[in-house]
Amino acid sequence: ISDGQLGSGSNIDSKTFVQVVSGEAMAVAAGDSHSLMVKQDGSVWATGSNADGKFGDGSKRSRNNFVQVVTGGAEAVAAGRSHSLIVKKEGTVKTLWAAGLNNHGQLGDGSDITRESFVQVVSSGVEAIAAGYAHSMILKDDGSVWAAGWNIFHQLGDDSKINRYNFVKVISSNAKGIAAGYGHSLVLKKDGSVWSTGLN
């Protein structure tokens, strides 16, 4: 495992599934070399490589056990190669927060500045998130899909190869699911159809 991304307390690879958290988890995400978890109290925990500050805890210190990086309010996480996304719920408002490597604009904060602490990048309407190698996707509560980051393979689906440093709308309505890979993206629509774009 090399970086402790299993959260087992060691850097030894495992050939079978081993329990690393005893309870209270409600969501998980796996990046290239780090892992994220949301507990039922809304706290976010991370383990593995923390290069580029993708834990969002203000450091670059890697771990081989899960450590708390956000105290509460979270309900979903997504992990890219070297960035992390969190959906927070504040009352009825769902916001997007991002941390980590930002060289292609994958955090969607309007810059290419790497962030070692989570920054809010979308202030409302976030329903679901997905993180690819170096791009990010948002499903909003109106059924629209938005994307930011690396776009060399058209993975954002905006009919360009231009990296986007802010989230741009790529599907107008009727989406209900999203997924992101290394250089491609998928959208599930409410009628059960699947739409894809990017590296093929």
# chains A, B, ... in the order shown; residues from 1 in each chain; ligands from 1
$ residues_around --residues "Asn200 in chain A" --least-positions-apart "3" --cutoff "12 Å" --atoms "only C-alpha atoms" --output "NGL selection string"
:A and (153-155 or 181-185 or 196-197)
$ residues_around --residues "range 37-43 of chain A" --least-positions-apart "4" --cutoff "6 Å" --atoms "only C-alpha atoms" --output "number ranges by chain"
A: 24-28, 70-75
$ write_last_selection --atoms "N, CA, C and O atoms" --output "mmCIF file, in the first residue's frame"
data_model
loop_
_atom_site.group_PDB
_atom_site.id
_atom_site.type_symbol
_atom_site.label_atom_id
_atom_site.label_comp_id
_atom_site.auth_asym_id
_atom_site.auth_seq_id
_atom_site.Cartn_x
_atom_site.Cartn_y
_atom_site.Cartn_z
ATOM 1 N N GLU A 24 -19.824 3.284 12.747
ATOM 2 C CA GLU A 24 -20.203 4.687 12.640
ATOM 3 C C GLU A 24 -19.884 5.333 11.304
ATOM 4 O O GLU A 24 -20.157 6.508 11.099
ATOM 5 N N ALA A 25 -19.309 4.593 10.338
ATOM 6 C CA ALA A 25 -19.047 5.166 9.021
ATOM 7 C C ALA A 25 -20.317 5.150 8.183
ATOM 8 O O ALA A 25 -21.130 4.236 8.275
ATOM 9 N N MET A 26 -20.503 6.189 7.335
ATOM 10 C CA MET A 26 -21.682 6.209 6.465
ATOM 11 C C MET A 26 -21.345 6.480 5.008
ATOM 12 O O MET A 26 -22.199 6.327 4.135
ATOM 13 N N ALA A 27 -20.098 6.870 4.717
ATOM 14 C CA ALA A 27 -19.689 7.072 3.324
ATOM 15 C C ALA A 27 -18.174 6.961 3.232
ATOM 16 O O ALA A 27 -17.455 7.305 4.188
ATOM 17 N N VAL A 28 -17.699 6.460 2.094
ATOM 18 C CA VAL A 28 -16.261 6.306 1.871
ATOM 19 C C VAL A 28 -15.905 6.694 0.445
ATOM 20 O O VAL A 28 -16.754 6.695 -0.441
ATOM 21 N N VAL A 70 -12.180 16.999 9.348
ATOM 22 C CA VAL A 70 -13.312 17.925 9.413
ATOM 23 C C VAL A 70 -14.186 17.476 10.580
ATOM 24 O O VAL A 70 -14.480 16.285 10.714
ATOM 25 N N THR A 71 -14.616 18.407 11.410
ATOM 26 C CA THR A 71 -15.290 18.036 12.660
ATOM 27 C C THR A 71 -16.760 17.693 12.496
ATOM 28 O O THR A 71 -17.313 16.944 13.303
ATOM 29 N N GLY A 72 -17.426 18.229 11.471
ATOM 30 C CA GLY A 72 -18.841 17.931 11.335
ATOM 31 C C GLY A 72 -19.457 18.567 10.115
ATOM 32 O O GLY A 72 -18.822 19.342 9.396
ATOM 33 N N GLY A 73 -20.709 18.208 9.853
ATOM 34 C CA GLY A 73 -21.477 18.815 8.777
ATOM 35 C C GLY A 73 -21.393 18.119 7.434
ATOM 36 O O GLY A 73 -22.126 18.472 6.511
ATOM 37 N N ALA A 74 -20.530 17.126 7.301
ATOM 38 C CA ALA A 74 -20.338 16.481 6.002
ATOM 39 C C ALA A 74 -21.327 15.338 5.809
ATOM 40 O O ALA A 74 -21.757 14.694 6.763
ATOM 41 N N GLU A 75 -21.688 15.078 4.553
ATOM 42 C CA GLU A 75 -22.529 13.924 4.257
ATOM 43 C C GLU A 75 -22.043 13.122 3.059
ATOM 44 O O GLU A 75 -22.549 12.033 2.806
#
$ closest_residue --among "A:Thr114, A:Ser124, A:Ser62, A:Ser172" --to "Glu90 in chain A" --atoms "only C-alpha atoms"
A:Ser124
$ closest_residue --among "A:Ile152, A:Asp141, A:Gly56, A:Asn65" --to "Ser10 in chain A" --atoms "only C-alpha atoms"
A:Asn65
$ closest_residue --among "A:Leu156, A:Ala78, A:Ile113, A:Val126" --to "Lys94 in chain A" --atoms "only C-alpha atoms"
A:Val126
$ residues_around --residues "Val21 in chain A" --least-positions-apart "4" --cutoff "9 Å" --atoms "only C-alpha atoms" --output "JSON, numbers by chain"
{"A": [7, 8, 25, 66]}
$ closest_residue --among "A:Ala30, A:Val93, A:Val145, A:Ala51" --to "Tyr133 in chain A" --atoms "only C-alpha atoms"
A:Ala30
$ closest_residue --among "A:Asn163, A:Ser84, A:Ser33, A:Thr16" --to "Trp45 in chain A" --atoms "only C-alpha atoms"
A:Ser84
$ residues_around --residues "Met137 in chain A" --least-positions-apart "4" --cutoff "10 Å" --atoms "only C-alpha atoms" --output "ChimeraX atom specification"
/A:78,85,106-108,128-132,145-149,156,167-170,178-180,185-187
$ closest_residue --among "A:Asn166, A:Ser59, A:Asn11, A:Ser35" --to "Ser117 in chain A" --atoms "only C-alpha atoms"
A:Ser59
$ select_by_dssp --residues "chain A" --states "strand (DSSP E or B)" --output "MDAnalysis selection string"
chainID A and resid 25:30 34:39 44:48 57 63:70 74:79 83:90 93:100 109 115:122 126:131 135:140 145:149 164:171 175:180 184:189 194:198
$ residues_around --residues "Trp150 in chain A" --least-positions-apart "4" --cutoff "7 Å" --atoms "only C-alpha atoms" --output "JSON, numbers by chain"
{"A": [104, 105, 106, 134, 135, 163, 164]}
$ residues_around --residues "Asp191 in chain A" --least-positions-apart "6" --cutoff "10 Å" --atoms "only C-alpha atoms" --output "list in words"
Asn174, Ala175 and Lys176 of chain A
$ write_last_selection --atoms "all heavy atoms" --output "PDB file, in the first residue's frame"
ATOM      1  N   ASN A 174     -32.193  16.941 -15.755  1.00  0.00           N
ATOM      2  CA  ASN A 174     -32.604  15.528 -15.787  1.00  0.00           C
ATOM      3  C   ASN A 174     -31.515  14.521 -15.427  1.00  0.00           C
ATOM      4  O   ASN A 174     -31.680  13.329 -15.679  1.00  0.00           O
ATOM      5  CB  ASN A 174     -33.202  15.163 -17.156  1.00  0.00           C
ATOM      6  CG  ASN A 174     -34.470  15.942 -17.444  1.00  0.00           C
ATOM      7  OD1 ASN A 174     -35.319  16.087 -16.561  1.00  0.00           O
ATOM      8  ND2 ASN A 174     -34.585  16.464 -18.648  1.00  0.00           N
ATOM      9  N   ALA A 175     -30.415  14.951 -14.843  1.00  0.00           N
ATOM     10  CA  ALA A 175     -29.382  14.013 -14.384  1.00  0.00           C
ATOM     11  C   ALA A 175     -29.711  13.546 -12.968  1.00  0.00           C
ATOM     12  O   ALA A 175     -30.303  14.285 -12.180  1.00  0.00           O
ATOM     13  CB  ALA A 175     -28.010  14.663 -14.417  1.00  0.00           C
ATOM     14  N   LYS A 176     -29.322  12.306 -12.655  1.00  0.00           N
ATOM     15  CA  LYS A 176     -29.516  11.819 -11.288  1.00  0.00           C
ATOM     16  C   LYS A 176     -28.307  11.073 -10.741  1.00  0.00           C
ATOM     17  O   LYS A 176     -28.314  10.642  -9.598  1.00  0.00           O
ATOM     18  CB  LYS A 176     -30.750  10.939 -11.192  1.00  0.00           C
ATOM     19  CG  LYS A 176     -30.643   9.563 -11.818  1.00  0.00           C
ATOM     20  CD  LYS A 176     -31.869   8.733 -11.441  1.00  0.00           C
ATOM     21  CE  LYS A 176     -31.727   7.288 -11.891  1.00  0.00           C
ATOM     22  NZ  LYS A 176     -32.892   6.467 -11.485  1.00  0.00           N
TER      23      LYS A 176
END
$ atom_distance --atom1 "CA of Lys161 in chain A" --atom2 "CA of Trp97 in chain A"
24.8 Å
$ residues_around --residues "Ser49 in chain A" --least-positions-apart "6" --cutoff "9 Å" --atoms "only C-alpha atoms" --output "CSV table (one decimal) with N, CA, C and O atoms, in the first residue's frame"
chain,number,residue,atom,x,y,z
A,2,SER,N,2.1,1.2,0.5
A,2,SER,CA,3.1,2.2,0.4
A,2,SER,C,2.8,3.5,1.2
A,2,SER,O,3.7,4.1,1.8
A,3,ASP,N,1.6,4.0,1.2
A,3,ASP,CA,1.3,5.3,1.8
A,3,ASP,C,0.3,5.2,3.0
A,3,ASP,O,-0.1,6.2,3.5
A,4,GLY,N,-0.2,4.0,3.3
A,4,GLY,CA,-1.1,3.8,4.4
A,4,GLY,C,-2.5,4.1,4.0
A,4,GLY,O,-3.4,4.3,4.9
A,5,GLN,N,-2.8,4.0,2.7
A,5,GLN,CA,-4.2,4.3,2.3
A,5,GLN,C,-5.3,3.3,2.7
A,5,GLN,O,-6.5,3.6,2.7
A,32,ASP,N,-6.2,7.9,-5.5
A,32,ASP,CA,-5.0,7.2,-6.0
A,32,ASP,C,-4.2,6.6,-4.9
A,32,ASP,O,-3.8,5.4,-4.9
A,33,SER,N,-4.0,7.4,-3.8
A,33,SER,CA,-3.2,6.9,-2.7
A,33,SER,C,-3.7,7.4,-1.4
A,33,SER,O,-2.9,7.5,-0.4
A,34,HIS,N,-5.0,7.8,-1.3
A,34,HIS,CA,-5.5,8.2,0.0
A,34,HIS,C,-7.0,7.8,0.0
A,34,HIS,O,-7.6,7.5,-1.0
A,35,SER,N,-7.5,7.7,1.2
A,35,SER,CA,-8.9,7.3,1.4
A,35,SER,C,-9.6,8.3,2.4
A,35,SER,O,-9.0,8.9,3.2
A,55,PHE,N,-5.7,16.0,2.4
A,55,PHE,CA,-6.5,15.7,3.6
A,55,PHE,C,-7.3,17.0,4.0
A,55,PHE,O,-8.3,16.9,4.7
A,60,LYS,N,0.8,18.5,5.3
A,60,LYS,CA,1.2,17.5,4.2
A,60,LYS,C,1.6,16.2,4.9
A,60,LYS,O,2.3,15.4,4.2
A,61,ARG,N,1.2,16.0,6.1
A,61,ARG,CA,1.7,14.8,6.8
A,61,ARG,C,0.8,13.6,6.5
A,61,ARG,O,-0.4,13.6,6.6
A,62,SER,N,1.4,12.6,5.9
A,62,SER,CA,0.7,11.3,5.6
A,62,SER,C,0.5,10.5,6.8
A,62,SER,O,1.1,10.7,7.9
A,63,ARG,N,-0.5,9.6,6.7
A,63,ARG,CA,-0.9,8.8,7.9
A,63,ARG,C,-1.2,7.4,7.4
A,63,ARG,O,-1.6,7.2,6.3
A,64,ASN,N,-1.1,6.4,8.4
A,64,ASN,CA,-1.5,5.1,8.0
A,64,ASN,C,-2.7,4.6,8.9
A,64,ASN,O,-3.1,3.4,8.9
A,82,SER,N,-5.2,13.4,-6.4
A,82,SER,CA,-4.5,14.2,-5.3
A,82,SER,C,-5.3,15.3,-4.9
A,82,SER,O,-4.8,16.4,-4.5
$ decode --residues "range 37-65 of chain A" --atoms "N, CA, C and O atoms" --output "PDB file, in the first residue's frame"
ATOM      1  N   MET A  37     -13.401   9.054   4.627  1.00  0.00           N
ATOM      2  CA  MET A  37     -14.560   8.447   5.275  1.00  0.00           C
ATOM      3  C   MET A  37     -15.378   9.542   5.955  1.00  0.00           C
ATOM      4  O   MET A  37     -14.820  10.471   6.546  1.00  0.00           O
ATOM      5  N   VAL A  38     -16.700   9.412   5.874  1.00  0.00           N
ATOM      6  CA  VAL A  38     -17.602  10.265   6.638  1.00  0.00           C
ATOM      7  C   VAL A  38     -18.245   9.423   7.720  1.00  0.00           C
ATOM      8  O   VAL A  38     -18.763   8.332   7.447  1.00  0.00           O
ATOM      9  N   LYS A  39     -18.205   9.909   8.953  1.00  0.00           N
ATOM     10  CA  LYS A  39     -18.885   9.228  10.049  1.00  0.00           C
ATOM     11  C   LYS A  39     -20.296   9.788  10.221  1.00  0.00           C
ATOM     12  O   LYS A  39     -20.641  10.837   9.677  1.00  0.00           O
ATOM     13  N   GLN A  40     -21.102   9.072  10.984  1.00  0.00           N
ATOM     14  CA  GLN A  40     -22.501   9.441  11.160  1.00  0.00           C
ATOM     15  C   GLN A  40     -22.675  10.794  11.844  1.00  0.00           C
ATOM     16  O   GLN A  40     -23.732  11.415  11.725  1.00  0.00           O
ATOM     17  N   ASP A  41     -21.649  11.256  12.529  1.00  0.00           N
ATOM     18  CA  ASP A  41     -21.721  12.574  13.160  1.00  0.00           C
ATOM     19  C   ASP A  41     -21.328  13.699  12.200  1.00  0.00           C
ATOM     20  O   ASP A  41     -21.244  14.854  12.604  1.00  0.00           O
ATOM     21  N   GLY A  42     -21.076  13.350  10.930  1.00  0.00           N
ATOM     22  CA  GLY A  42     -20.720  14.355   9.933  1.00  0.00           C
ATOM     23  C   GLY A  42     -19.250  14.707   9.884  1.00  0.00           C
ATOM     24  O   GLY A  42     -18.847  15.573   9.105  1.00  0.00           O
ATOM     25  N   SER A  43     -18.444  14.055  10.694  1.00  0.00           N
ATOM     26  CA  SER A  43     -17.001  14.303  10.650  1.00  0.00           C
ATOM     27  C   SER A  43     -16.375  13.567   9.464  1.00  0.00           C
ATOM     28  O   SER A  43     -16.890  12.548   9.004  1.00  0.00           O
ATOM     29  N   VAL A  44     -15.256  14.096   8.957  1.00  0.00           N
ATOM     30  CA  VAL A  44     -14.529  13.487   7.845  1.00  0.00           C
ATOM     31  C   VAL A  44     -13.165  13.036   8.340  1.00  0.00           C
ATOM     32  O   VAL A  44     -12.486  13.765   9.079  1.00  0.00           O
ATOM     33  N   TRP A  45     -12.791  11.844   7.923  1.00  0.00           N
ATOM     34  CA  TRP A  45     -11.529  11.237   8.316  1.00  0.00           C
ATOM     35  C   TRP A  45     -10.748  10.843   7.076  1.00  0.00           C
ATOM     36  O   TRP A  45     -11.341  10.498   6.046  1.00  0.00           O
ATOM     37  N   ALA A  46      -9.412  10.894   7.157  1.00  0.00           N
ATOM     38  CA  ALA A  46      -8.567  10.592   6.003  1.00  0.00           C
ATOM     39  C   ALA A  46      -7.369   9.759   6.415  1.00  0.00           C
ATOM     40  O   ALA A  46      -6.900   9.821   7.555  1.00  0.00           O
ATOM     41  N   THR A  47      -6.869   8.986   5.463  1.00  0.00           N
ATOM     42  CA  THR A  47      -5.656   8.199   5.677  1.00  0.00           C
ATOM     43  C   THR A  47      -4.910   8.067   4.360  1.00  0.00           C
ATOM     44  O   THR A  47      -5.482   8.240   3.293  1.00  0.00           O
ATOM     45  N   GLY A  48      -3.610   7.775   4.440  1.00  0.00           N
ATOM     46  CA  GLY A  48      -2.793   7.586   3.241  1.00  0.00           C
ATOM     47  C   GLY A  48      -1.859   8.742   2.975  1.00  0.00           C
ATOM     48  O   GLY A  48      -1.428   9.456   3.887  1.00  0.00           O
ATOM     49  N   SER A  49      -1.549   8.937   1.705  1.00  0.00           N
ATOM     50  CA  SER A  49      -0.667  10.025   1.304  1.00  0.00           C
ATOM     51  C   SER A  49      -1.373  11.365   1.444  1.00  0.00           C
ATOM     52  O   SER A  49      -2.519  11.521   1.021  1.00  0.00           O
ATOM     53  N   ASN A  50      -0.676  12.323   2.015  1.00  0.00           N
ATOM     54  CA  ASN A  50      -1.213  13.674   2.162  1.00  0.00           C
ATOM     55  C   ASN A  50      -0.390  14.673   1.360  1.00  0.00           C
ATOM     56  O   ASN A  50      -0.391  15.864   1.647  1.00  0.00           O
ATOM     57  N   ALA A  51       0.321  14.178   0.353  1.00  0.00           N
ATOM     58  CA  ALA A  51       1.029  15.079  -0.551  1.00  0.00           C
ATOM     59  C   ALA A  51       0.031  16.044  -1.161  1.00  0.00           C
ATOM     60  O   ALA A  51      -1.101  15.675  -1.460  1.00  0.00           O
ATOM     61  N   ASP A  52       0.427  17.280  -1.293  1.00  0.00           N
ATOM     62  CA  ASP A  52      -0.409  18.346  -1.854  1.00  0.00           C
ATOM     63  C   ASP A  52      -1.546  18.753  -0.928  1.00  0.00           C
ATOM     64  O   ASP A  52      -2.444  19.493  -1.332  1.00  0.00           O
ATOM     65  N   GLY A  53      -1.540  18.253   0.316  1.00  0.00           N
ATOM     66  CA  GLY A  53      -2.523  18.703   1.287  1.00  0.00           C
ATOM     67  C   GLY A  53      -3.930  18.205   1.056  1.00  0.00           C
ATOM     68  O   GLY A  53      -4.897  18.828   1.484  1.00  0.00           O
ATOM     69  N   LYS A  54      -4.075  17.049   0.405  1.00  0.00           N
ATOM     70  CA  LYS A  54      -5.422  16.585   0.039  1.00  0.00           C
ATOM     71  C   LYS A  54      -6.269  16.131   1.212  1.00  0.00           C
ATOM     72  O   LYS A  54      -7.472  15.939   1.048  1.00  0.00           O
ATOM     73  N   PHE A  55      -5.689  15.968   2.406  1.00  0.00           N
ATOM     74  CA  PHE A  55      -6.503  15.715   3.597  1.00  0.00           C
ATOM     75  C   PHE A  55      -7.297  16.964   4.002  1.00  0.00           C
ATOM     76  O   PHE A  55      -8.297  16.863   4.691  1.00  0.00           O
ATOM     77  N   GLY A  56      -6.790  18.128   3.623  1.00  0.00           N
ATOM     78  CA  GLY A  56      -7.448  19.370   3.998  1.00  0.00           C
ATOM     79  C   GLY A  56      -7.283  19.742   5.447  1.00  0.00           C
ATOM     80  O   GLY A  56      -8.046  20.550   5.983  1.00  0.00           O
ATOM     81  N   ASP A  57      -6.268  19.160   6.112  1.00  0.00           N
ATOM     82  CA  ASP A  57      -6.063  19.419   7.547  1.00  0.00           C
ATOM     83  C   ASP A  57      -4.991  20.466   7.804  1.00  0.00           C
ATOM     84  O   ASP A  57      -4.543  20.619   8.927  1.00  0.00           O
ATOM     85  N   GLY A  58      -4.583  21.180   6.752  1.00  0.00           N
ATOM     86  CA  GLY A  58      -3.589  22.228   6.906  1.00  0.00           C
ATOM     87  C   GLY A  58      -2.163  21.742   6.907  1.00  0.00           C
ATOM     88  O   GLY A  58      -1.244  22.515   7.193  1.00  0.00           O
ATOM     89  N   SER A  59      -1.948  20.456   6.598  1.00  0.00           N
ATOM     90  CA  SER A  59      -0.599  19.891   6.609  1.00  0.00           C
ATOM     91  C   SER A  59      -0.366  19.055   5.360  1.00  0.00           C
ATOM     92  O   SER A  59      -1.265  18.901   4.529  1.00  0.00           O
ATOM     93  N   LYS A  60       0.835  18.508   5.260  1.00  0.00           N
ATOM     94  CA  LYS A  60       1.152  17.529   4.221  1.00  0.00           C
ATOM     95  C   LYS A  60       1.634  16.225   4.854  1.00  0.00           C
ATOM     96  O   LYS A  60       2.307  15.425   4.222  1.00  0.00           O
ATOM     97  N   ARG A  61       1.231  16.007   6.096  1.00  0.00           N
ATOM     98  CA  ARG A  61       1.665  14.820   6.828  1.00  0.00           C
ATOM     99  C   ARG A  61       0.813  13.613   6.461  1.00  0.00           C
ATOM    100  O   ARG A  61      -0.407  13.619   6.640  1.00  0.00           O
ATOM    101  N   SER A  62       1.444  12.580   5.936  1.00  0.00           N
ATOM    102  CA  SER A  62       0.738  11.348   5.580  1.00  0.00           C
ATOM    103  C   SER A  62       0.452  10.516   6.825  1.00  0.00           C
ATOM    104  O   SER A  62       1.123  10.651   7.853  1.00  0.00           O
ATOM    105  N   ARG A  63      -0.532   9.624   6.742  1.00  0.00           N
ATOM    106  CA  ARG A  63      -0.947   8.799   7.879  1.00  0.00           C
ATOM    107  C   ARG A  63      -1.232   7.368   7.411  1.00  0.00           C
ATOM    108  O   ARG A  63      -1.597   7.152   6.257  1.00  0.00           O
ATOM    109  N   ASN A  64      -1.097   6.417   8.351  1.00  0.00           N
ATOM    110  CA  ASN A  64      -1.526   5.050   8.027  1.00  0.00           C
ATOM    111  C   ASN A  64      -2.709   4.602   8.890  1.00  0.00           C
ATOM    112  O   ASN A  64      -3.097   3.445   8.870  1.00  0.00           O
ATOM    113  N   ASN A  65      -3.280   5.552   9.632  1.00  0.00           N
ATOM    114  CA  ASN A  65      -4.546   5.371  10.339  1.00  0.00           C
ATOM    115  C   ASN A  65      -5.451   6.534   9.959  1.00  0.00           C
ATOM    116  O   ASN A  65      -4.964   7.635   9.660  1.00  0.00           O
TER     117      ASN A  65
END
